[in-house]
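Next up, structure_18.cif (mmCIF, C-alpha atoms):
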```cif
data_work
loop_
_atom_site.label_atom_id
_atom_site.label_comp_id
_atom_site.auth_asym_id
_atom_site.auth_seq_id
_atom_site.Cartn_x
_atom_site.Cartn_y
_atom_site.Cartn_z
CA MET A 24 0.00 0.00 0.00
CA SER A 25 1.42 3.36 -1.00
CA SER A 26 1.55 5.82 1.90
CA THR A 27 1.42 8.73 -0.56
CA ILE A 28 -1.93 10.30 -1.35
CA TRP A 29 -2.28 10.17 -5.13
CA SER A 30 -4.12 12.77 -7.17
CA VAL A 31 -6.82 11.65 -9.60
CA ASP A 32 -4.71 12.86 -12.54
CA ASP A 33 -1.52 11.09 -11.41
CA HIS A 34 -3.35 7.79 -10.85
CA LEU A 35 -4.94 7.99 -14.31
CA GLU A 36 -1.62 8.92 -15.92
CA ASP A 37 0.02 5.93 -14.23
CA ILE A 38 -2.68 3.63 -15.64
CA LEU A 39 -2.56 5.03 -19.16
CA SER A 40 1.25 4.98 -19.30
CA ALA A 41 1.13 1.22 -18.63
CA ILE A 42 -1.60 0.40 -21.19
CA ARG A 43 -0.56 -0.69 -24.69
CA PRO A 44 -3.11 -0.85 -27.51
CA LEU A 45 -4.00 -4.41 -28.50
CA ASP A 46 -2.25 -5.88 -31.55
CA PRO A 47 -4.19 -5.53 -34.82
CA ILE A 48 -5.98 -8.50 -36.36
CA GLU A 49 -7.92 -9.13 -39.57
CA LEU A 50 -11.64 -9.56 -38.90
CA GLN A 51 -14.71 -10.35 -40.97
CA LEU A 52 -17.00 -7.30 -41.27
CA PRO A 53 -19.69 -8.48 -38.80
CA ASP A 54 -17.00 -9.10 -36.17
CA ALA A 55 -15.32 -5.72 -36.74
CA GLN A 56 -18.24 -3.63 -35.46
CA GLY A 57 -17.11 -1.33 -32.67
CA CYS A 58 -13.43 -1.88 -33.48
CA VAL A 59 -10.88 0.76 -34.46
CA LEU A 60 -9.46 0.71 -37.97
CA VAL A 61 -5.64 0.48 -38.14
CA GLU A 62 -5.27 1.25 -41.85
CA ASP A 63 -6.51 3.78 -44.37
CA VAL A 64 -9.06 2.13 -46.64
CA THR A 65 -9.18 3.36 -50.23
CA VAL A 66 -11.99 2.77 -52.71
CA PRO A 67 -11.13 0.04 -55.27
CA VAL A 68 -14.20 0.65 -57.45
CA ALA A 69 -16.32 3.74 -58.06
CA LEU A 70 -19.72 3.92 -56.35
CA PRO A 71 -22.07 3.55 -58.02
CA PRO A 72 -20.02 1.49 -60.48
CA PHE A 73 -22.26 2.48 -63.43
CA ASP A 74 -24.80 5.18 -64.36
CA ASN A 75 -28.11 3.98 -62.94
CA SER A 76 -31.70 5.08 -62.58
CA SER A 77 -32.91 6.75 -59.38
CA MET A 78 -36.57 6.18 -60.37
CA ASP A 79 -38.91 3.63 -61.89
CA GLY A 80 -39.75 4.94 -65.33
CA TYR A 81 -38.47 5.02 -68.91
CA ALA A 82 -34.93 5.49 -70.16
CA VAL A 83 -35.06 7.98 -73.06
CA ARG A 84 -33.03 10.32 -75.26
CA ALA A 85 -33.56 13.91 -74.12
CA ALA A 86 -34.23 15.18 -77.68
CA ASP A 87 -37.14 12.74 -78.10
CA VAL A 88 -39.13 14.23 -75.21
CA SER A 89 -38.22 17.90 -75.70
CA GLY A 90 -41.42 19.97 -75.62
CA ALA A 91 -43.60 17.05 -74.46
CA SER A 92 -46.82 17.98 -72.61
CA GLU A 93 -50.04 16.31 -71.53
CA GLU A 94 -51.79 17.89 -74.50
CA PHE A 95 -49.04 16.95 -76.94
CA PRO A 96 -47.22 13.92 -75.47
CA ALA A 97 -44.10 12.46 -77.00
CA VAL A 98 -44.97 8.98 -78.27
CA LEU A 99 -42.06 6.54 -78.04
CA THR A 100 -41.67 2.87 -78.98
CA VAL A 101 -40.93 0.70 -75.92
CA ILE A 102 -38.16 -1.77 -76.81
CA GLY A 103 -37.84 -3.76 -73.59
CA ASP A 104 -37.15 -3.90 -69.86
CA VAL A 105 -34.06 -2.95 -67.88
CA ALA A 106 -34.08 -4.38 -64.32
CA ALA A 107 -31.52 -3.98 -61.52
CA GLY A 108 -28.99 -6.77 -61.82
CA GLY A 109 -30.16 -7.75 -65.29
CA GLY A 110 -27.76 -8.26 -68.18
CA GLY A 111 -28.05 -7.75 -71.93
CA LEU A 112 -29.04 -4.07 -72.12
CA PRO A 113 -31.09 -2.91 -75.13
CA THR A 114 -29.78 0.09 -77.04
CA VAL A 115 -32.20 3.04 -77.04
CA GLY A 116 -32.34 4.62 -80.51
CA PRO A 117 -34.20 7.72 -81.78
CA GLY A 118 -37.92 7.59 -80.94
CA GLN A 119 -37.41 4.69 -78.53
CA ALA A 120 -37.61 4.12 -74.75
CA ALA A 121 -36.83 1.25 -72.36
CA ARG A 122 -38.76 0.53 -69.18
CA ILE A 123 -36.27 0.85 -66.30
CA MET A 124 -36.37 0.02 -62.61
CA THR A 125 -34.72 1.92 -59.77
CA GLY A 126 -31.02 0.98 -59.51
CA ALA A 127 -30.88 -0.53 -62.99
CA PRO A 128 -28.04 0.55 -65.29
CA LEU A 129 -28.83 3.24 -67.85
CA PRO A 130 -28.91 1.45 -71.24
CA PRO A 131 -26.73 2.55 -74.16
CA GLY A 132 -28.19 5.45 -76.12
CA ALA A 133 -30.37 6.70 -73.24
CA GLU A 134 -29.49 10.01 -71.56
CA ALA A 135 -32.16 10.42 -68.89
CA VAL A 136 -35.02 8.72 -67.07
CA VAL A 137 -38.63 9.89 -67.21
CA PRO A 138 -40.46 8.91 -63.97
CA VAL A 139 -43.42 6.62 -64.64
CA GLU A 140 -45.76 9.26 -63.13
CA TRP A 141 -44.88 11.58 -66.05
CA THR A 142 -46.13 8.99 -68.55
CA ASP A 143 -49.22 6.91 -69.31
CA GLY A 144 -47.25 3.79 -68.28
CA GLY A 145 -47.76 2.32 -71.73
CA THR A 146 -51.50 1.88 -71.17
CA GLY A 147 -52.71 4.48 -73.63
CA GLY A 148 -54.68 6.11 -70.79
CA GLY A 149 -53.95 9.01 -68.41
CA ALA A 150 -50.96 9.52 -66.10
CA ALA A 151 -49.69 6.30 -64.51
CA THR A 152 -49.46 6.12 -60.72
CA THR A 153 -47.35 3.01 -60.44
CA MET A 154 -45.17 0.73 -62.47
CA ARG A 155 -46.23 -2.89 -62.58
CA PRO A 156 -43.51 -5.51 -62.25
CA ALA A 157 -42.17 -6.68 -65.62
CA GLY A 158 -43.39 -10.23 -65.03
CA GLU A 159 -46.95 -9.05 -64.44
CA ALA A 160 -47.12 -6.66 -67.36
CA PRO A 161 -45.25 -8.00 -70.34
CA GLU A 162 -47.48 -5.90 -72.60
CA GLY A 163 -46.02 -2.77 -70.94
CA ALA A 164 -42.54 -3.78 -72.04
CA SER A 165 -43.38 -3.26 -75.67
CA GLY A 166 -45.78 -1.13 -77.66
CA GLU A 167 -45.83 2.62 -77.06
CA VAL A 168 -45.55 4.99 -74.12
CA ARG A 169 -46.77 8.57 -74.00
CA VAL A 170 -44.46 10.98 -72.18
CA HIS A 171 -46.14 14.09 -70.74
CA ARG A 172 -43.10 16.11 -69.61
CA PRO A 173 -39.62 16.80 -70.98
CA VAL A 174 -36.37 15.89 -69.17
CA GLU A 175 -32.84 17.13 -69.56
CA ALA A 176 -29.87 14.83 -70.06
CA GLY A 177 -28.83 13.29 -66.74
CA ALA A 178 -32.25 13.69 -65.10
CA HIS A 179 -33.03 10.97 -62.51
CA VAL A 180 -29.70 9.30 -63.20
CA ARG A 181 -27.11 8.59 -60.49
CA GLY A 182 -23.81 9.05 -62.26
CA ARG A 183 -20.98 6.55 -62.01
CA GLY A 184 -18.71 7.56 -59.11
CA SER A 185 -21.17 10.19 -57.81
CA ASP A 186 -20.85 8.65 -54.31
CA VAL A 187 -17.12 7.86 -54.28
CA GLN A 188 -14.49 7.56 -56.98
CA ALA A 189 -11.97 4.74 -57.28
CA GLY A 190 -8.84 5.74 -55.35
CA ASP A 191 -10.73 7.99 -52.90
CA LEU A 192 -10.04 7.59 -49.18
CA ALA A 193 -13.07 5.68 -47.86
CA LEU A 194 -12.16 5.50 -44.16
CA GLU A 195 -9.05 6.67 -42.34
CA GLU A 196 -7.01 4.93 -39.71
CA GLY A 197 -8.45 5.46 -36.23
CA THR A 198 -12.09 5.33 -37.37
CA VAL A 199 -14.45 3.40 -35.08
CA LEU A 200 -16.47 1.02 -37.25
CA GLY A 201 -20.19 1.62 -36.68
CA PRO A 202 -23.08 0.47 -38.91
CA PRO A 203 -22.57 3.12 -41.67
CA GLN A 204 -18.83 2.39 -41.85
CA ILE A 205 -19.47 -1.38 -42.03
CA GLY A 206 -21.97 -0.66 -44.83
CA LEU A 207 -19.42 1.40 -46.77
CA LEU A 208 -16.78 -1.32 -46.45
CA ALA A 209 -19.25 -3.89 -47.79
CA ALA A 210 -20.30 -1.54 -50.62
CA ILE A 211 -16.72 -1.22 -51.85
CA GLY A 212 -16.23 -4.99 -51.69
CA ARG A 213 -14.20 -5.38 -48.49
CA GLY A 214 -15.08 -8.65 -46.74
CA THR A 215 -12.43 -8.28 -44.02
CA VAL A 216 -10.69 -5.35 -42.42
CA ARG A 217 -7.63 -4.81 -40.21
CA VAL A 218 -8.58 -3.49 -36.78
CA ARG A 219 -7.64 -3.52 -33.13
CA PRO A 220 -10.02 -6.03 -31.51
CA ARG A 221 -12.46 -5.04 -28.80
CA PRO A 222 -10.74 -5.57 -25.44
CA ARG A 223 -11.91 -8.50 -23.32
CA VAL A 224 -12.72 -7.17 -19.86
CA VAL A 225 -13.44 -9.51 -16.94
CA VAL A 226 -15.44 -7.91 -14.10
CA LEU A 227 -15.36 -9.65 -10.75
CA SER A 228 -17.11 -8.54 -7.56
CA THR A 229 -16.14 -9.72 -4.09
CA GLY A 230 -18.04 -10.11 -0.86
CA SER A 231 -19.62 -12.98 1.07
CA GLU A 232 -22.69 -10.80 1.61
CA LEU A 233 -23.45 -10.59 -2.12
CA ILE A 234 -26.04 -12.76 -3.82
CA GLN A 235 -27.28 -12.76 -7.42
CA PRO A 236 -30.42 -10.89 -8.50
CA GLY A 237 -33.40 -13.23 -8.69
CA GLU A 238 -32.40 -15.15 -5.56
CA LYS A 239 -34.00 -14.64 -2.15
CA LEU A 240 -32.19 -12.24 0.19
CA GLY A 241 -31.11 -13.72 3.51
CA GLU A 242 -30.23 -11.80 6.67
CA GLY A 243 -27.31 -9.43 6.13
CA GLN A 244 -27.23 -10.05 2.39
CA ILE A 245 -27.43 -7.59 -0.50
CA TYR A 246 -27.73 -8.05 -4.24
CA ASP A 247 -24.57 -7.90 -6.34
CA SER A 248 -25.19 -4.80 -8.47
CA ASN A 249 -21.57 -3.82 -9.12
CA SER A 250 -20.66 -6.68 -11.45
CA PHE A 251 -23.78 -5.97 -13.53
CA ALA A 252 -23.21 -2.20 -13.67
CA LEU A 253 -19.51 -2.46 -14.49
CA SER A 254 -19.80 -5.22 -17.10
CA ALA A 255 -22.52 -3.11 -18.77
CA ALA A 256 -20.23 -0.05 -18.53
CA ALA A 257 -17.39 -2.04 -20.12
CA ARG A 258 -19.65 -3.01 -23.04
CA ASP A 259 -20.74 0.61 -23.34
CA ALA A 260 -17.08 1.64 -23.55
CA GLY A 261 -16.56 -0.74 -26.49
CA ALA A 262 -15.28 -3.87 -24.76
CA LEU A 263 -16.38 -7.48 -24.75
CA SER A 264 -17.22 -7.98 -21.07
CA TYR A 265 -17.38 -11.11 -18.98
CA ARG A 266 -19.12 -10.91 -15.62
CA VAL A 267 -17.99 -13.20 -12.84
CA GLY A 268 -20.57 -13.51 -10.06
CA ALA A 269 -19.63 -12.50 -6.55
CA VAL A 270 -16.62 -14.30 -5.08
CA THR A 271 -16.71 -15.07 -1.38
CA ASP A 272 -14.39 -13.31 1.08
CA ASP A 273 -11.59 -15.84 0.88
CA ALA A 274 -8.20 -14.83 -0.45
CA GLU A 275 -7.26 -18.25 -1.88
CA THR A 276 -10.61 -18.62 -3.68
CA LEU A 277 -10.29 -15.13 -5.10
CA ARG A 278 -6.69 -15.65 -6.24
CA ALA A 279 -7.65 -18.92 -7.95
CA THR A 280 -10.67 -17.30 -9.62
CA ILE A 281 -8.57 -14.42 -10.95
CA GLU A 282 -5.91 -16.82 -12.27
CA ASP A 283 -8.63 -18.83 -14.03
CA GLN A 284 -9.98 -15.69 -15.69
CA LEU A 285 -6.60 -14.54 -17.06
CA ILE A 286 -7.01 -16.80 -20.11
CA ARG A 287 -9.80 -14.58 -21.49
CA ALA A 288 -8.83 -11.15 -20.14
CA ASP A 289 -7.09 -8.16 -21.69
CA LEU A 290 -8.09 -6.22 -18.56
CA LEU A 291 -9.32 -7.36 -15.14
CA VAL A 292 -11.58 -5.25 -12.93
CA THR A 293 -12.36 -6.18 -9.34
CA THR A 294 -14.76 -4.37 -7.08
CA GLY A 295 -14.74 -4.47 -3.27
CA GLY A 296 -12.15 -5.49 -0.72
CA VAL A 297 -9.62 -2.67 -1.23
CA SER A 298 -9.97 -0.47 1.86
CA VAL A 299 -8.48 -0.99 5.32
CA GLY A 300 -10.86 -3.52 6.91
CA ALA A 301 -9.93 -6.97 8.19
CA TYR A 302 -11.82 -8.65 5.34
CA ASP A 303 -10.33 -6.74 2.43
CA VAL A 304 -9.55 -9.91 0.52
CA VAL A 305 -8.61 -8.31 -2.80
CA LYS A 306 -5.64 -6.68 -1.11
CA GLU A 307 -4.79 -9.91 0.69
CA ALA A 308 -5.14 -12.03 -2.44
CA LEU A 309 -3.24 -9.72 -4.75
CA SER A 310 -0.60 -8.12 -2.54
CA SER A 311 1.71 -11.13 -3.07
CA VAL A 312 1.00 -11.45 -6.80
CA GLY A 313 3.63 -10.37 -9.32
CA ASP A 314 6.83 -11.49 -10.93
CA GLU A 315 9.86 -10.65 -8.82
CA ASP A 316 11.99 -10.51 -11.98
CA VAL A 317 9.76 -7.87 -13.59
CA PRO A 318 9.98 -4.41 -12.00
CA GLY A 319 6.60 -2.88 -11.33
CA SER A 320 4.59 -6.10 -11.65
CA GLY A 321 2.01 -6.81 -8.96
CA ILE A 322 -0.77 -4.61 -7.62
CA ASP A 323 -0.21 -1.29 -5.85
CA PHE A 324 -3.00 -0.25 -3.48
CA ARG A 325 -3.38 3.50 -3.06
CA LYS A 326 -5.36 6.25 -1.44
CA LEU A 327 -6.59 8.92 -3.84
CA ALA A 328 -7.46 12.53 -3.11
CA MET A 329 -11.04 12.03 -4.35
CA GLN A 330 -14.56 11.41 -3.12
CA PRO A 331 -16.11 8.95 -3.70
CA GLY A 332 -13.46 6.35 -4.53
CA LYS A 333 -10.55 7.01 -2.19
CA PRO A 334 -9.16 3.40 -2.10
CA GLN A 335 -7.89 2.15 -5.50
CA GLY A 336 -5.56 -0.53 -6.75
CA PHE A 337 -3.66 -0.85 -10.01
CA GLY A 338 -1.01 -3.12 -11.45
CA SER A 339 -0.46 -6.17 -13.64
CA ILE A 340 -0.93 -9.85 -13.02
CA GLY A 341 -0.07 -13.18 -14.62
CA PRO A 342 2.43 -14.26 -17.28
CA GLU A 343 1.07 -11.74 -19.83
CA HIS A 344 1.18 -8.89 -17.28
CA THR A 345 -2.54 -8.33 -17.73
CA PRO A 346 -3.55 -4.95 -16.27
CA LEU A 347 -5.82 -5.11 -13.24
CA LEU A 348 -7.78 -2.27 -11.68
CA ALA A 349 -9.14 -2.85 -8.18
CA LEU A 350 -12.11 -0.58 -7.42
CA PRO A 351 -13.90 0.09 -4.14
CA GLY A 352 -17.06 -1.86 -3.36
CA ASN A 353 -19.57 0.93 -2.72
CA PRO A 354 -21.76 1.04 -5.85
CA VAL A 355 -21.35 4.74 -6.59
CA SER A 356 -17.62 4.73 -5.72
CA SER A 357 -17.17 1.77 -8.00
CA TYR A 358 -19.07 3.32 -10.93
CA VAL A 359 -17.38 6.73 -10.62
CA SER A 360 -14.01 4.96 -10.44
CA PHE A 361 -14.90 2.99 -13.56
CA GLU A 362 -15.74 6.17 -15.48
CA LEU A 363 -12.56 7.95 -14.38
CA PHE A 364 -10.04 5.12 -14.69
CA VAL A 365 -11.34 1.91 -16.31
CA ARG A 366 -13.15 3.45 -19.26
CA PRO A 367 -10.05 5.39 -20.40
CA ALA A 368 -7.99 2.18 -20.03
CA ILE A 369 -10.46 0.28 -22.26
CA ARG A 370 -10.39 3.06 -24.86
CA ALA A 371 -6.57 3.07 -24.76
CA LEU A 372 -6.51 -0.73 -25.36
CA MET A 373 -8.74 -0.11 -28.39
CA GLY A 374 -6.18 2.33 -29.76
CA LEU A 375 -8.48 5.35 -29.62
CA LYS A 376 -6.79 8.74 -29.63
CA ASP A 377 -9.35 10.38 -27.34
CA VAL A 378 -10.03 8.15 -24.35
CA HIS A 379 -11.95 10.62 -22.19
CA ARG A 380 -15.61 11.42 -21.73
CA PRO A 381 -16.54 14.89 -23.04
CA LYS A 382 -16.58 17.72 -20.51
CA ALA A 383 -18.58 20.94 -20.39
CA ARG A 384 -18.90 24.07 -18.27
CA ALA A 385 -22.31 24.55 -16.66
CA VAL A 386 -24.06 26.86 -14.21
CA LEU A 387 -24.99 25.11 -10.97
CA LYS A 388 -28.70 25.14 -10.16
CA ALA A 389 -29.17 24.10 -6.54
CA ASP A 390 -31.21 25.11 -3.48
CA LYS A 391 -28.10 25.55 -1.36
CA ALA A 392 -24.32 25.53 -1.66
CA LEU A 393 -22.60 22.20 -2.29
CA SER A 394 -20.00 21.28 0.32
CA SER A 395 -16.85 19.31 -0.47
CA PRO A 396 -13.98 18.03 1.68
CA SER A 397 -10.79 20.07 1.49
CA GLY A 398 -7.98 18.49 -0.50
CA ARG A 399 -10.23 16.02 -2.34
CA ARG A 400 -11.69 16.25 -5.81
CA GLN A 401 -15.37 15.47 -5.40
CA PHE A 402 -17.59 13.96 -8.08
CA LEU A 403 -21.30 14.50 -7.52
CA ARG A 404 -24.10 13.03 -9.59
CA GLY A 405 -26.00 15.55 -11.69
CA THR A 406 -28.39 16.14 -14.57
CA TYR A 407 -27.12 18.41 -17.33
CA ASP A 408 -29.41 20.61 -19.43
CA HIS A 409 -27.67 21.21 -22.75
CA GLU A 410 -30.19 23.87 -23.84
CA SER A 411 -29.74 26.14 -20.82
CA GLY A 412 -26.16 25.12 -19.98
CA THR A 413 -27.13 24.32 -16.38
CA VAL A 414 -26.57 21.35 -14.12
CA SER A 415 -28.56 20.19 -11.08
CA PRO A 416 -27.31 17.77 -8.40
CA VAL A 417 -29.12 14.43 -7.97
CA GLY A 418 -29.20 12.87 -4.51
CA GLY A 419 -26.57 13.47 -1.85
CA SER A 420 -22.83 12.79 -1.71
CA GLY A 421 -23.13 9.31 -0.16
CA SER A 422 -21.22 6.60 -2.00
CA HIS A 423 -24.07 4.09 -1.56
CA LEU A 424 -26.80 6.15 -3.25
CA ILE A 425 -27.22 4.03 -6.36
CA ALA A 426 -30.79 5.22 -6.99
CA ALA A 427 -29.52 8.77 -7.58
CA LEU A 428 -26.86 7.45 -9.95
CA ALA A 429 -29.55 5.86 -12.14
CA HIS A 430 -31.07 9.32 -12.72
CA ALA A 431 -27.79 11.15 -13.38
CA ASP A 432 -26.29 11.86 -16.80
CA CYS A 433 -23.15 13.66 -15.65
CA LEU A 434 -20.67 14.08 -12.82
CA ILE A 435 -20.25 17.51 -11.24
CA VAL A 436 -16.56 18.10 -10.49
CA VAL A 437 -15.63 20.07 -7.38
CA PRO A 438 -11.85 20.81 -7.36
CA GLU A 439 -9.60 19.85 -4.45
CA ALA A 440 -9.19 23.46 -3.27
CA ASP A 441 -12.95 24.21 -3.09
CA THR A 442 -14.90 23.33 0.04
CA SER A 443 -18.12 24.97 -1.13
CA VAL A 444 -19.79 25.75 -4.44
CA GLU A 445 -22.54 28.37 -4.41
CA PRO A 446 -25.70 28.21 -6.55
CA ASP A 447 -25.23 29.90 -9.97
CA ALA A 448 -21.46 29.27 -9.86
CA GLU A 449 -19.86 27.79 -12.96
CA VAL A 450 -18.69 24.19 -12.59
CA GLU A 451 -17.09 21.53 -14.75
CA VAL A 452 -19.23 18.51 -15.63
CA VAL A 453 -18.20 15.15 -17.09
CA LEU A 454 -20.93 14.02 -19.52
CA LEU A 455 -21.84 10.36 -19.13
CA GLY A 456 -24.50 10.01 -21.84
#
```
What do you get writing this file as structure tokens?
Amino acid sequence: MSSTIWSVDDHLEDILSAIRPLDPIELQLPDAQGCVLVEDVTVPVALPPFDNSSMDGYAVRAADVSGASEEFPAVLTVIGDVAAGGGGLPTVGPGQAARIMTGAPLPPGAEAVVPVEWTDGGTGGGAATTMRPAGEAPEGASGEVRVHRPVEAGAHVRGRGSDVQAGDLALEEGTVLGPPQIGLLAAIGRGTVRVRPRPRVVVLSTGSELIQPGEKLGEGQIYDSNSFALSAAARDAGALSYRVGAVTDDAETLRATIEDQLIRADLLVTTGGVSVGAYDVVKEALSSVGDEDVPGSGIDFRKLAMQPGKPQGFGSIGPEHTPLLALPGNPVSSYVSFELFVRPAIRALMGLKDVHRPKARAVLKADKALSSPSGRRQFLRGTYDHESGTVSPVGGSGSHLIAALAHADCLIVVPEADTSVEPDAEVEVVLLG
């Protein structure tokens, strides 16, 4: 246990200086969602790869429909169908038109597409309202069509390369692959992509008093909420999370459980058992862990100048020197500690350049001044109003008030030097949403 009191910033810097981004791997597109790209991706083929119709209608030459009106329609000979994905395109000559479906390639000779609503649909009647499928209306694929309005060359045509050109930069290194990015990669023909994988985070709570939700509470027991909250928070940060149900207050059991979990962990997070009580088994179990030949291995337990979350532990464990963060057991202390220290570590493992939650300045709206202990950076739960730029505290400062945490969307930061913050003062907030 370090006798020094660590600042929040120094503790975080110590963690981040020890974290190395995970090695890149090649993944199939569905598996790459949420991962960070480690290469620039250029476009091998133009999108769209050919001129194609943006409407159902008729592919025509612009000169043939010049001056067309409902009173004096242009009458064109329909020479066939052009469907999306179809081959063998007909050539549109003077006085001719081809029925065309949305997304189908513009046939040779045609310059524009007349929407079906601007024609009689080949029926010889008034304006068409819909285009029947080719299989249901073979008679509409030949004969004549009356066009009631003129179009200019290029009308209702998506030009080749109008989305992206071959050789363009599609996505740059460092991009997080969400649904639109996955879609773009598929559209340009990439089946796999080189990324840093999502970190595997094992969350383990300790305490003989903890039982799993859904079971019946006995005397002196409480439900294990921390492992659920923190494994959800790890997923939210971009990790693959594995929740280990509460481990009893026995150092040997805990050490064995942690060693078993190392096989699937890029980062271990424990909660509980890190303060100064007789049953603080995390400290007991991990204080002797580490490789004597490797300087700095093992877990260092510290006191931080913060509230909540004063007791913290950090170090590495096992043959791969897997980083481990030991958080306090109080639910709010544990969650605040996760946001301040574990989330940035997960984002650093992912190779993200910005690992921090966004911050904002806000005007405090409160009935009375907020008090804070001298020499500690306090983090209070709050709700932030983006429109008005104000923040209101939720609940008190107690580290067990998990109900208030569920209604908060930010943390109000009270600096170490401030013991009181008056209503209408400007404060810093860490945005959690």
Quick one: residues within 9 Å of Phe337 of chain A, all atoms listed in the file counted, chain neighbours fewer than 2 positions away excluded, as a list in words?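 Counting only the stated atoms, we get His34, Asp37, Ile38, Gly321, Ile322, Asp323, Phe324, Arg325, Gln335, Ser339, Pro346, Leu347, Leu348, Ala349 and Leu350 of chain A.
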I'd like to know which of A:Gly90, A:Gly405, A:Pro331, A:Pro138 is closest to Leu363 of chain A, using all atoms listed in the file. A:Pro331
d(atom CA of Val305 of chain A, atom CA of Val224 of chain A) in Å: 17.6 Å
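For the file shown, the residue list from the PyMOL selection byres ((chain A and resi 29) around 8) reads Thr27, Ile28, Ser30, Val31, Asp33, His34, Arg325, Lys326, Leu327 and Ala328 of chain A.
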Just give me the residues with any atom within 8 Å of (-30.1, 0.2, -66.5), file coordinates, counting only C-alpha atoms, written as a ChimeraX atom specification. /A:74-76,105-107,112,123-124,126-130
Please put the answer as AutoDock Vina command-line options: centre and edge lengths, in Å with one decimal, of a box along x, y and z that encloses all listed atoms of segment 198-208 of chain A plus 3 Å on each side.
```
--center_x -17.6 --center_y 2.0 --center_z -40.9 --size_x 17.0 --size_y 12.7 --size_z 17.7
```
Determine the residue membership of the PyMOL selection byres ((chain A and resi 231) around 7) for the file above and supply it as a JSON list (two decimals) with C-alpha atoms, in the frame of the given file.
```json
[["chain", "number", "residue", "atom", "x", "y", "z"],
["A", 230, "GLY", "CA", -18.04, -10.11, -0.86],
["A", 232, "GLU", "CA", -22.69, -10.80, 1.61],
["A", 233, "LEU", "CA", -23.45, -10.59, -2.12],
["A", 270, "VAL", "CA", -16.62, -14.30, -5.08],
["A", 271, "THR", "CA", -16.71, -15.07, -1.38],
["A", 272, "ASP", "CA", -14.39, -13.31, 1.08]]
```
Residues in the PyMOL selection byres ((chain A and resi 377-394) around 6), expressed as a list in words: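 This file gives the following for the PyMOL selection byres ((chain A and resi 377-394) around 6): Pro367, Arg370, Leu375, Lys376, Ser395, Gly412, Thr413, Val414, Ser415, Thr442, Ser443, Val444, Glu445, Pro446, Asp447, Ala448, Glu449, Val450, Glu451, Val452, Val453 and Leu454 of chain A.
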Among the residues A:Pro354, A:Pro117, A:Pro222, A:Gly80, the one that comes closest to Arg366 of chain A [using all atoms listed in the file]: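 That would be A:Pro222, the residue with the smallest distance to Arg366 of chain A.
Close contacts of Arg287 of chain A, defined as residues with an atom at most 9 Å away when counting only C-alpha atoms, with chain neighbours fewer than 6 positions off set aside, comprise A:Arg223, A:Val224, A:Val225, A:Tyr265.
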Ranking A:Asp273, A:Asp289, A:Asp32, A:Asp63 by minimum distance to His344 of chain A and counting all atoms listed in the file, which one comes first? A:Asp289
Nearest to Ala256 of chain A, restricted to only C-alpha atoms and choosing among A:Leu192, A:Val226, A:Leu372, A:Tyr407, comes out as A:Val226
The residue from A:Ile340, A:Ala440, A:Ala252, A:Ala262 with the smallest atom-to-atom distance to Leu428 of chain A, counting only C-alpha atoms, is A:Ala252
As a PDB file with C-alpha atoms, in the coordinates of the input, please: the residues near Arg169 of chain A (cut-off 7 Å, all atoms listed in the file, same-chain neighbours under 6 positions excluded).
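Below is the file that was written, selection.pdb:
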```
ATOM      1  CA  PRO A  96     -47.220  13.920 -75.470  1.00  0.00           C
ATOM      2  CA  ALA A  97     -44.100  12.460 -77.000  1.00  0.00           C
ATOM      3  CA  VAL A  98     -44.970   8.980 -78.270  1.00  0.00           C
ATOM      4  CA  LEU A  99     -42.060   6.540 -78.040  1.00  0.00           C
ATOM      5  CA  THR A 142     -46.130   8.990 -68.550  1.00  0.00           C
ATOM      6  CA  ASP A 143     -49.220   6.910 -69.310  1.00  0.00           C
ATOM      7  CA  GLY A 145     -47.760   2.320 -71.730  1.00  0.00           C
TER       8      GLY A 145
END
```
Of A:Gln56, A:Gly374, A:Val180, A:Ala368, the one sitting nearest Gly206 of chain A when using only C-alpha atoms is A:Gln56
Coordinates-based distance that separates atom CA of Val59 of chain A from atom CA of Leu227 of chain A (Å, one decimal):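 Between atom CA of Leu227 of chain A and atom CA of Val59 of chain A the gap is 26.3 Å.
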Residue list as a PDB file with C-alpha atoms, keeping the file's coordinate frame for point (-4.5, -20.5, 0.5), cut-off 12 Å, only C-alpha atoms:
```
ATOM      1  CA  ASP A 273     -11.590 -15.840   0.880  1.00  0.00           C
ATOM      2  CA  ALA A 274      -8.200 -14.830  -0.450  1.00  0.00           C
ATOM      3  CA  GLU A 275      -7.260 -18.250  -1.880  1.00  0.00           C
ATOM      4  CA  THR A 276     -10.610 -18.620  -3.680  1.00  0.00           C
ATOM      5  CA  LEU A 277     -10.290 -15.130  -5.100  1.00  0.00           C
ATOM      6  CA  ARG A 278      -6.690 -15.650  -6.240  1.00  0.00           C
ATOM      7  CA  ALA A 279      -7.650 -18.920  -7.950  1.00  0.00           C
ATOM      8  CA  VAL A 304      -9.550  -9.910   0.520  1.00  0.00           C
ATOM      9  CA  GLU A 307      -4.790  -9.910   0.690  1.00  0.00           C
ATOM     10  CA  ALA A 308      -5.140 -12.030  -2.440  1.00  0.00           C
ATOM     11  CA  SER A 311       1.710 -11.130  -3.070  1.00  0.00           C
TER      12      SER A 311
END
```
Neighbouring residues of His430 of chain A were defined as those with any atom within 10 Å, considering all atoms listed in the file; residues of the same chain fewer than 5 positions away were excluded. Please report them as a PDB file with C-alpha atoms, in the frame of the given file.
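Result file is out_27.pdb:
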```
ATOM      1  CA  ARG A 404     -24.100  13.030  -9.590  1.00  0.00           C
ATOM      2  CA  GLY A 405     -26.000  15.550 -11.690  1.00  0.00           C
ATOM      3  CA  THR A 406     -28.390  16.140 -14.570  1.00  0.00           C
ATOM      4  CA  VAL A 417     -29.120  14.430  -7.970  1.00  0.00           C
ATOM      5  CA  GLY A 418     -29.200  12.870  -4.510  1.00  0.00           C
ATOM      6  CA  ILE A 425     -27.220   4.030  -6.360  1.00  0.00           C
TER       7      ILE A 425
END
```
